[in-house]
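Chemist: If you scroll down you'll find the structure; I have some questions about it.
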Amino acid sequence: MAGGMERLGSRSRQAKYVLRLYVSGSTLKSERAVENIKRVCEEHLKGRYDLEVIDIYRQANLARDEQIVAVPTLIKRLPPPLQRLVGDMSNLRSVLFGLDLRTREQ
Amino acid sequence: MTQQKKARRPSSKTLPKALTGIQGLDEITGGGLPSGRPTLVSGGAGAGKTMFGLEFLVRGATQYGEPGVFMSFEETIPDLTKNAASLGFDLGRLVAEKKLFLDHVAISRHEIEETGEYDLDGLFIRIADAVKRVGARRVVLDTIEALFGELPNPGILRAEIRRLFDWLKQQGLTTIITAERDRPDKLTRHGIEEFVSDCVIVLDHRIREEISTRRLRVVKYRGSTHGTNEYPFLIDEHGISVLPISSLGLDHAAPAARMSTGIDRLDGMMGGKGFYRGSSILMSGTSGTGKTSVAAHFVDAACRRGERCLYFAIEESPRQVVRNMRSIGIDLEPWVRKGLLQFHAARPTYGGIEEVLLLTHKHISSFQPSVVVVDPITTLLMVSTLNEVRSMLTRLVDFLKTQEITAIFTSLTAAGGDLEANEADVSSLMDTWLLLKTIEVGGERNRALYVLKSRGMEHSNQIREFVLTNDGLRLLDVYLGPEGVLTGAARMSQEGREKAAGTFRRQQLEGRGRELDRKRQIFEARMTMLRAEFEVEEEIIQQSISESKLLDAELLQDRGQMVRSREADTSAYKKVGSAPAARER
């Protein structure tokens with residue numbers, strides 16, 4: 001099953017986010033991760049993000065190329081620096097920190 | 001896809017095993033690692049874990065038709081390829097031939113933010129895909145514990161690693177999981193050994209007195225017998241070689257053929273036929289007792305028969321040996337020229353004892369001799385402990401026996417020490433033990449030898465003197481006197497004394513004979529004299545007897561006359577004698 005691909009982007013005065021979420025099949029964790037990251041993007045990055053959800057289940061080469069070990073993994077390609085977020089994105093605080101949307105102290 | 005030929009030894013009935021192809025390891029484990037199950041290989045940094053894993057895969061792919069997957073969590077693929085090349089393995093070619101799949105798992109902690117529950121499906125998918133691509137039967141995870149440093153939440157990680165091992169087992173993949181061992185009391189840093197219940201191997205790399213020694217130990221092997229010793233191993237351009245301390249089954253052939261020692265009378269001491277072919281002979285003695293000379297005779301005889309000999313000269317240079325032997329009339333040089341005799345100067349000082357063993361193996365394998373001389377083994381003790389030397393010799397003797405090579409080991413005994421006690425440690429490995437010694441008597445030293453033991457043959461128990469002549473070694477006649485074996489001048493003087501004593505005894509005997517004659521004559525003379533005296537005495541006595549008889553007769557006559565003349569007095573005398581008559585009065 002090819003990974004679902006969703007492109008949500010818009011012009012914005014702030015930096016544009018390029019995000020890739022790697023999941024494996026349709027596990028509960030994967031579904032939860034997709035839901036969670038979409039919610040975060042809509043709330044914090046509305047109009048300025050590009051999220052792609054990739055199912056590595058049948059694309060092992062992709063997993064190798066992107067060095068995916070843990071699943072789900074979200075890779076923030078832009079803006080720099082490159083950042084990996086591992087887990088089902090249920091910890092909102094960590095997700096926001098990982099995406100540079102807030103500092104650790106907040 | 002490559003054929004999935006099962007590499008199993010028929011001897012292991014209980015647990016299917018996968019041959020590793022690592023020299024020596026399959027002997028220790030009785031046929032390799034548990035097939036279709038994970039094995040933990042643990043060791044400190046630089047212990048050789050990666051090499052172990054690589055060789056397991058390469059041998060599997062090239063020798064047993066079992067392709068493999070290498071998951072490297074530390075080294076990059078170019079590094080891995082380069083390291084493998086130092087073992088003589090061409091990973092690039094194997095990858096191109098689809099016999100091997102290499103994957104470098106690289107993640108770095110500082111890029112990672114934990115946002116909740118995760119699993120290792122990424123890793124699972126990569127391994128599953130790699131296994132499918134080459135039809136792998138073997139997998140190496142080197143070193144999966146590195147993930148603990150890179151992924152958050154050790155609890156999840158542990159559970160996931162356990163799940164991975166279970167999955168590998170389910171897939172029937174023979175797996176090696178390497179683990180860093182940084183503390184002697186723990187096998188792995190994060191305790192993953194509890195997930196690997198079948199087989200645990202520990203590698204160790206120590207440096208002692210500037211000599212590095214690698215060791216391997218099978219800590220656990222469920223459902224299988226295995227050697228439990230620490231086995232030294234080497235990593236060189238041919239890969240890993242584990243040196244079993246002793247082969248677990250002593251099933252080498254025992255040839256009944258004999259070969260001459262090259263010294264007639266020594267053959268004579270061993271049932272007239274010499275050593276058994278394929279046996280191991282220990283020849284020990286103090287310095288200058290002629291150990292090398294005996295060995296040279298044996299080598300010379302073997303070369304004469306057209307057999308190849310390999311001579312490890314550990315203390316003397318080959319030239320020295322050849323020169324010295326020429327002085328006793330043995331010319332080894334022609335044999336060297338003909339290619340029948342090869343010398344190797346093997347000084348163990350720099351390489352360590354395993355190195356010596358390995359070199360010995362190599363030379364023997366390439367030259368295929370029927371006779372091997374190691375002269376002397378004692379030097380090895382200087383670079384190693386007695387235990388190590390003993391284990392090395394055990395392995396060497398085993399190896400030689402399997403090749404049916406006859407071997408002479410000379411051993412230098414410290415002067416003054418107990419000859420027999422010193423060698424007790426290695427002598428049990430040997431089939432025949434010749435002892436050479438000097439006997440010091442009457443201000444000179446003489447050489448003697450005896451056969452202390454010789455398994456499976458009749459042998460002389462005499463101590464024999466020998467001399468080294470221009471024409472080789474010559475055993476002399478045995479002289480056993482009341483004072484023990486005698487040698488040299490003492491033997492000759494004793495022989496002289498013996499002769500003199502004999503003459504003396506003979507003379508004494510003759511003398512005694514004459515004395516007897518003399519005594520007999522005297523006795524006879526005395527007898528005559530005594531008889532004459534007796535006759536004289538007898539005559540006198542007879543005379544006196546007859547005189548007395550005459551006298552008696554005369555006396556009787558006289559008394560009768562007197563009685564008759566005094567008649568009355570006789571009756572009166574009688575009455576006085578009766579008492580009642582007297583009382584009546």
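Following the order of the structure tokens, chains are lettered A, B, ..., residues in each are numbered from 1, and ligands are numbered from 1.
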Please report as JSON lines every residue of chain A lying within 7 Å of chain B, along with the nearest atom pair and their distance in Å (one decimal), using only C-alpha atoms.
Modeler:
{"residue": "A:Ser24", "atom": "CA", "partner": "B:Asp121", "partner_atom": "CA", "distance": 6.7}
{"residue": "A:Tyr57", "atom": "CA", "partner": "B:Ile125", "partner_atom": "CA", "distance": 6.5}
{"residue": "A:Ala60", "atom": "CA", "partner": "B:Arg126", "partner_atom": "CA", "distance": 5.4}
{"residue": "A:Ala63", "atom": "CA", "partner": "B:Gly122", "partner_atom": "CA", "distance": 6.4}
{"residue": "A:Arg64", "atom": "CA", "partner": "B:Arg126", "partner_atom": "CA", "distance": 6.7}
{"residue": "A:Gln67", "atom": "CA", "partner": "B:Ala106", "partner_atom": "CA", "distance": 6.2}
{"residue": "A:Ile68", "atom": "CA", "partner": "B:Gly122", "partner_atom": "CA", "distance": 5.3}
{"residue": "A:Val69", "atom": "CA", "partner": "B:Gly122", "partner_atom": "CA", "distance": 4.1}
{"residue": "A:Ala70", "atom": "CA", "partner": "B:Leu120", "partner_atom": "CA", "distance": 4.4}
{"residue": "A:Val71", "atom": "CA", "partner": "B:Asp119", "partner_atom": "CA", "distance": 5.4}
{"residue": "A:Pro72", "atom": "CA", "partner": "B:Tyr118", "partner_atom": "CA", "distance": 6.1}
{"residue": "A:Gln83", "atom": "CA", "partner": "B:Glu111", "partner_atom": "CA", "distance": 5.1}
{"residue": "A:Arg84", "atom": "CA", "partner": "B:Ile112", "partner_atom": "CA", "distance": 4.7}
{"residue": "A:Leu85", "atom": "CA", "partner": "B:Glu113", "partner_atom": "CA", "distance": 4.6}
{"residue": "A:Val86", "atom": "CA", "partner": "B:Glu114", "partner_atom": "CA", "distance": 4.9}
{"residue": "A:Gly87", "atom": "CA", "partner": "B:Gly116", "partner_atom": "CA", "distance": 4.2}
{"residue": "A:Asp88", "atom": "CA", "partner": "B:Gly116", "partner_atom": "CA", "distance": 5.0}
{"residue": "A:Met89", "atom": "CA", "partner": "B:Thr115", "partner_atom": "CA", "distance": 4.7}
{"residue": "A:Ser90", "atom": "CA", "partner": "B:Gly116", "partner_atom": "CA", "distance": 5.4}
{"residue": "A:Asn91", "atom": "CA", "partner": "B:Thr115", "partner_atom": "CA", "distance": 4.9}
{"residue": "A:Ser94", "atom": "CA", "partner": "B:Thr115", "partner_atom": "CA", "distance": 5.4}
{"residue": "A:Val95", "atom": "CA", "partner": "B:Thr115", "partner_atom": "CA", "distance": 5.8}
{"residue": "A:Gly98", "atom": "CA", "partner": "B:Glu113", "partner_atom": "CA", "distance": 5.9}
Chemist: Can you list every residue in range 7-49 of chain A that DSSP puts in strand (DSSP E), as a ChimeraX atom specification?
Modeler: /A:17-23,49
Chemist: For the residues in that selection, give me all heavy atoms as an mmCIF file, in the first residue's frame.
Modeler:
data_model
loop_
_atom_site.group_PDB
_atom_site.id
_atom_site.type_symbol
_atom_site.label_atom_id
_atom_site.label_comp_id
_atom_site.auth_asym_id
_atom_site.auth_seq_id
_atom_site.Cartn_x
_atom_site.Cartn_y
_atom_site.Cartn_z
ATOM 1 N N TYR A 17 7.459 25.119 6.362
ATOM 2 C CA TYR A 17 7.849 23.839 6.944
ATOM 3 C C TYR A 17 7.692 22.708 5.931
ATOM 4 O O TYR A 17 6.648 22.582 5.311
ATOM 5 C CB TYR A 17 7.009 23.518 8.188
ATOM 6 C CG TYR A 17 7.597 24.127 9.451
ATOM 7 C CD1 TYR A 17 7.498 25.497 9.701
ATOM 8 C CD2 TYR A 17 8.263 23.320 10.383
ATOM 9 C CE1 TYR A 17 8.047 26.044 10.845
ATOM 10 C CE2 TYR A 17 8.813 23.860 11.529
ATOM 11 C CZ TYR A 17 8.705 25.220 11.758
ATOM 12 O OH TYR A 17 9.240 25.761 12.888
ATOM 13 N N VAL A 18 8.761 21.910 5.771
ATOM 14 C CA VAL A 18 8.675 20.691 4.956
ATOM 15 C C VAL A 18 8.823 19.510 5.909
ATOM 16 O O VAL A 18 9.864 19.329 6.518
ATOM 17 C CB VAL A 18 9.752 20.655 3.855
ATOM 18 C CG1 VAL A 18 9.685 19.329 3.087
ATOM 19 C CG2 VAL A 18 9.581 21.843 2.924
ATOM 20 N N LEU A 19 7.780 18.728 6.025
ATOM 21 C CA LEU A 19 7.748 17.629 6.989
ATOM 22 C C LEU A 19 7.445 16.312 6.286
ATOM 23 O O LEU A 19 6.651 16.254 5.370
ATOM 24 C CB LEU A 19 6.671 17.889 8.049
ATOM 25 C CG LEU A 19 6.747 19.217 8.808
ATOM 26 C CD1 LEU A 19 5.502 19.412 9.668
ATOM 27 C CD2 LEU A 19 7.999 19.273 9.676
ATOM 28 N N ARG A 20 8.176 15.273 6.740
ATOM 29 C CA ARG A 20 7.903 13.925 6.211
ATOM 30 C C ARG A 20 7.629 13.002 7.388
ATOM 31 O O ARG A 20 8.467 12.888 8.296
ATOM 32 C CB ARG A 20 9.120 13.381 5.450
ATOM 33 C CG ARG A 20 9.490 14.181 4.203
ATOM 34 C CD ARG A 20 8.495 13.892 3.071
ATOM 35 N NE ARG A 20 8.813 14.690 1.885
ATOM 36 C CZ ARG A 20 8.308 15.914 1.653
ATOM 37 N NH1 ARG A 20 7.491 16.480 2.518
ATOM 38 N NH2 ARG A 20 8.632 16.569 0.549
ATOM 39 N N LEU A 21 6.485 12.379 7.362
ATOM 40 C CA LEU A 21 6.157 11.439 8.440
ATOM 41 C C LEU A 21 6.241 10.019 7.893
ATOM 42 O O LEU A 21 5.565 9.681 6.931
ATOM 43 C CB LEU A 21 4.766 11.709 8.995
ATOM 44 C CG LEU A 21 4.321 10.746 10.105
ATOM 45 C CD1 LEU A 21 5.175 10.913 11.356
ATOM 46 C CD2 LEU A 21 2.833 10.949 10.439
ATOM 47 N N TYR A 22 7.123 9.231 8.513
ATOM 48 C CA TYR A 22 7.297 7.838 8.082
ATOM 49 C C TYR A 22 6.535 6.923 9.026
ATOM 50 O O TYR A 22 6.775 6.934 10.240
ATOM 51 C CB TYR A 22 8.784 7.465 8.041
ATOM 52 C CG TYR A 22 9.536 8.270 6.999
ATOM 53 C CD1 TYR A 22 10.089 9.507 7.299
ATOM 54 C CD2 TYR A 22 9.664 7.784 5.691
ATOM 55 C CE1 TYR A 22 10.755 10.257 6.342
ATOM 56 C CE2 TYR A 22 10.328 8.520 4.716
ATOM 57 C CZ TYR A 22 10.874 9.755 5.053
ATOM 58 O OH TYR A 22 11.533 10.483 4.089
ATOM 59 N N VAL A 23 5.643 6.157 8.476
ATOM 60 C CA VAL A 23 4.865 5.212 9.274
ATOM 61 C C VAL A 23 4.966 3.831 8.631
ATOM 62 O O VAL A 23 5.453 3.704 7.508
ATOM 63 C CB VAL A 23 3.381 5.640 9.381
ATOM 64 C CG1 VAL A 23 3.250 6.951 10.132
ATOM 65 C CG2 VAL A 23 2.745 5.703 7.998
ATOM 66 N N TYR A 49 2.930 24.829 5.664
ATOM 67 C CA TYR A 49 3.619 23.544 5.841
ATOM 68 C C TYR A 49 3.325 22.587 4.694
ATOM 69 O O TYR A 49 2.297 22.692 4.019
ATOM 70 C CB TYR A 49 3.267 22.908 7.178
ATOM 71 C CG TYR A 49 1.844 22.374 7.290
ATOM 72 C CD1 TYR A 49 1.584 21.002 7.079
ATOM 73 C CD2 TYR A 49 0.786 23.212 7.630
ATOM 74 C CE1 TYR A 49 0.294 20.511 7.193
ATOM 75 C CE2 TYR A 49 -0.501 22.722 7.739
ATOM 76 C CZ TYR A 49 -0.743 21.378 7.531
ATOM 77 O OH TYR A 49 -1.995 20.880 7.637
#
Chemist: To one decimal place in Å, what is the distance between CA of Ala84 in chain B and CA of Ile353 in chain B?
Modeler: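 Atom-to-atom, CA of Ala84 in chain B to CA of Ile353 in chain B, that is 24.9 Å.
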Chemist: Which of these residues is nearest to Pro81 in chain A, using only C-alpha atoms: A:Gln59, A:Glu66, A:Ser26, A:Leu99?
Modeler: A:Leu99
Chemist: So the first atom is CA of Arg505 in chain B and the second is CA of Phe523 in chain B; what is the distance between them in Å, to one decimal place?
Modeler: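 So the answer is 26.2 Å.
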Chemist: Check the DSSP output for the backbone and give back, as a PyMOL selection string, the residues of range 3-60 of chain A in helix (DSSP H, G or I).
Modeler: chain A and resi 28-44+56-58+60
Chemist: Would you export the selected residues with N, CA and C atoms as a CSV table (one decimal), in the first residue's frame, please?
Modeler:
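What landed in result31.csv:
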chain,number,residue,atom,x,y,z
A,28,LEU,N,-2.1,1.2,14.9
A,28,LEU,CA,-2.7,2.2,15.7
A,28,LEU,C,-1.8,3.4,16.0
A,29,LYS,N,-0.5,3.1,16.2
A,29,LYS,CA,0.5,4.1,16.4
A,29,LYS,C,0.6,5.0,15.2
A,30,SER,N,0.6,4.5,14.1
A,30,SER,CA,0.8,5.2,12.8
A,30,SER,C,-0.4,6.2,12.7
A,31,GLU,N,-1.6,5.6,12.9
A,31,GLU,CA,-2.8,6.4,12.7
A,31,GLU,C,-2.8,7.6,13.7
A,32,ARG,N,-2.4,7.3,14.9
A,32,ARG,CA,-2.4,8.3,16.0
A,32,ARG,C,-1.4,9.4,15.6
A,33,ALA,N,-0.3,9.0,15.1
A,33,ALA,CA,0.8,9.9,14.7
A,33,ALA,C,0.3,10.9,13.6
A,34,VAL,N,-0.3,10.3,12.6
A,34,VAL,CA,-0.8,11.1,11.5
A,34,VAL,C,-1.9,12.1,12.0
A,35,GLU,N,-2.8,11.6,12.8
A,35,GLU,CA,-3.8,12.5,13.4
A,35,GLU,C,-3.2,13.6,14.2
A,36,ASN,N,-2.2,13.3,15.1
A,36,ASN,CA,-1.6,14.2,15.9
A,36,ASN,C,-0.8,15.3,15.2
A,37,ILE,N,-0.1,14.9,14.2
A,37,ILE,CA,0.8,15.8,13.5
A,37,ILE,C,-0.1,16.8,12.6
A,38,LYS,N,-1.1,16.2,12.1
A,38,LYS,CA,-2.0,17.0,11.3
A,38,LYS,C,-2.6,18.1,12.1
A,39,ARG,N,-3.0,17.8,13.3
A,39,ARG,CA,-3.6,18.7,14.3
A,39,ARG,C,-2.6,19.8,14.6
A,40,VAL,N,-1.4,19.4,14.9
A,40,VAL,CA,-0.4,20.4,15.3
A,40,VAL,C,-0.2,21.4,14.1
A,41,CYS,N,-0.1,20.8,12.9
A,41,CYS,CA,0.2,21.6,11.7
A,41,CYS,C,-0.9,22.6,11.5
A,42,GLU,N,-2.1,22.1,11.6
A,42,GLU,CA,-3.3,23.0,11.4
A,42,GLU,C,-3.3,24.1,12.4
A,43,GLU,N,-2.9,23.8,13.7
A,43,GLU,CA,-3.0,24.8,14.7
A,43,GLU,C,-1.9,25.8,14.7
A,44,HIS,N,-0.7,25.3,14.4
A,44,HIS,CA,0.5,26.2,14.5
A,44,HIS,C,1.2,26.6,13.2
A,56,ILE,N,6.5,3.1,4.9
A,56,ILE,CA,7.7,2.4,4.5
A,56,ILE,C,7.5,0.9,4.4
A,57,TYR,N,6.3,0.5,4.7
A,57,TYR,CA,6.1,-0.9,4.8
A,57,TYR,C,6.5,-1.6,3.5
A,58,ARG,N,6.3,-1.0,2.4
A,58,ARG,CA,6.7,-1.6,1.1
A,58,ARG,C,7.8,-0.8,0.4
A,60,ALA,N,11.2,-0.2,1.6
A,60,ALA,CA,12.3,-0.4,2.5
A,60,ALA,C,13.5,0.4,2.1
Chemist: For CA of Phe56 in chain B and CA of Arg37 in chain B, quote the distance in Å rounded to one decimal.
Modeler: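 The value is 13.9 Å.
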Chemist: Which of these, A:Leu45, A:Asp50, A:Leu62, A:Gly25, has the shortest distance to Asp100 in chain A once you count only C-alpha atoms?
Modeler: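 For Asp100 in chain A, the nearest of the candidates is A:Leu45.
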Chemist: Using only C-alpha atoms, which residue out of B:Thr50, B:Thr469, B:Thr432, B:Gln320 lies closest to Glu74 in chain B?
Modeler: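 Using only C-alpha atoms, the shortest distance to Glu74 in chain B belongs to B:Thr50.
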Chemist: Do you know which residues are at most 9 Å from Met71 in chain B counting only C-alpha atoms, after dropping those on the same chain fewer than 2 positions away, and could you put them as a PyMOL selection string?
Modeler: chain B and resi 69+73+101-105+127+139-144
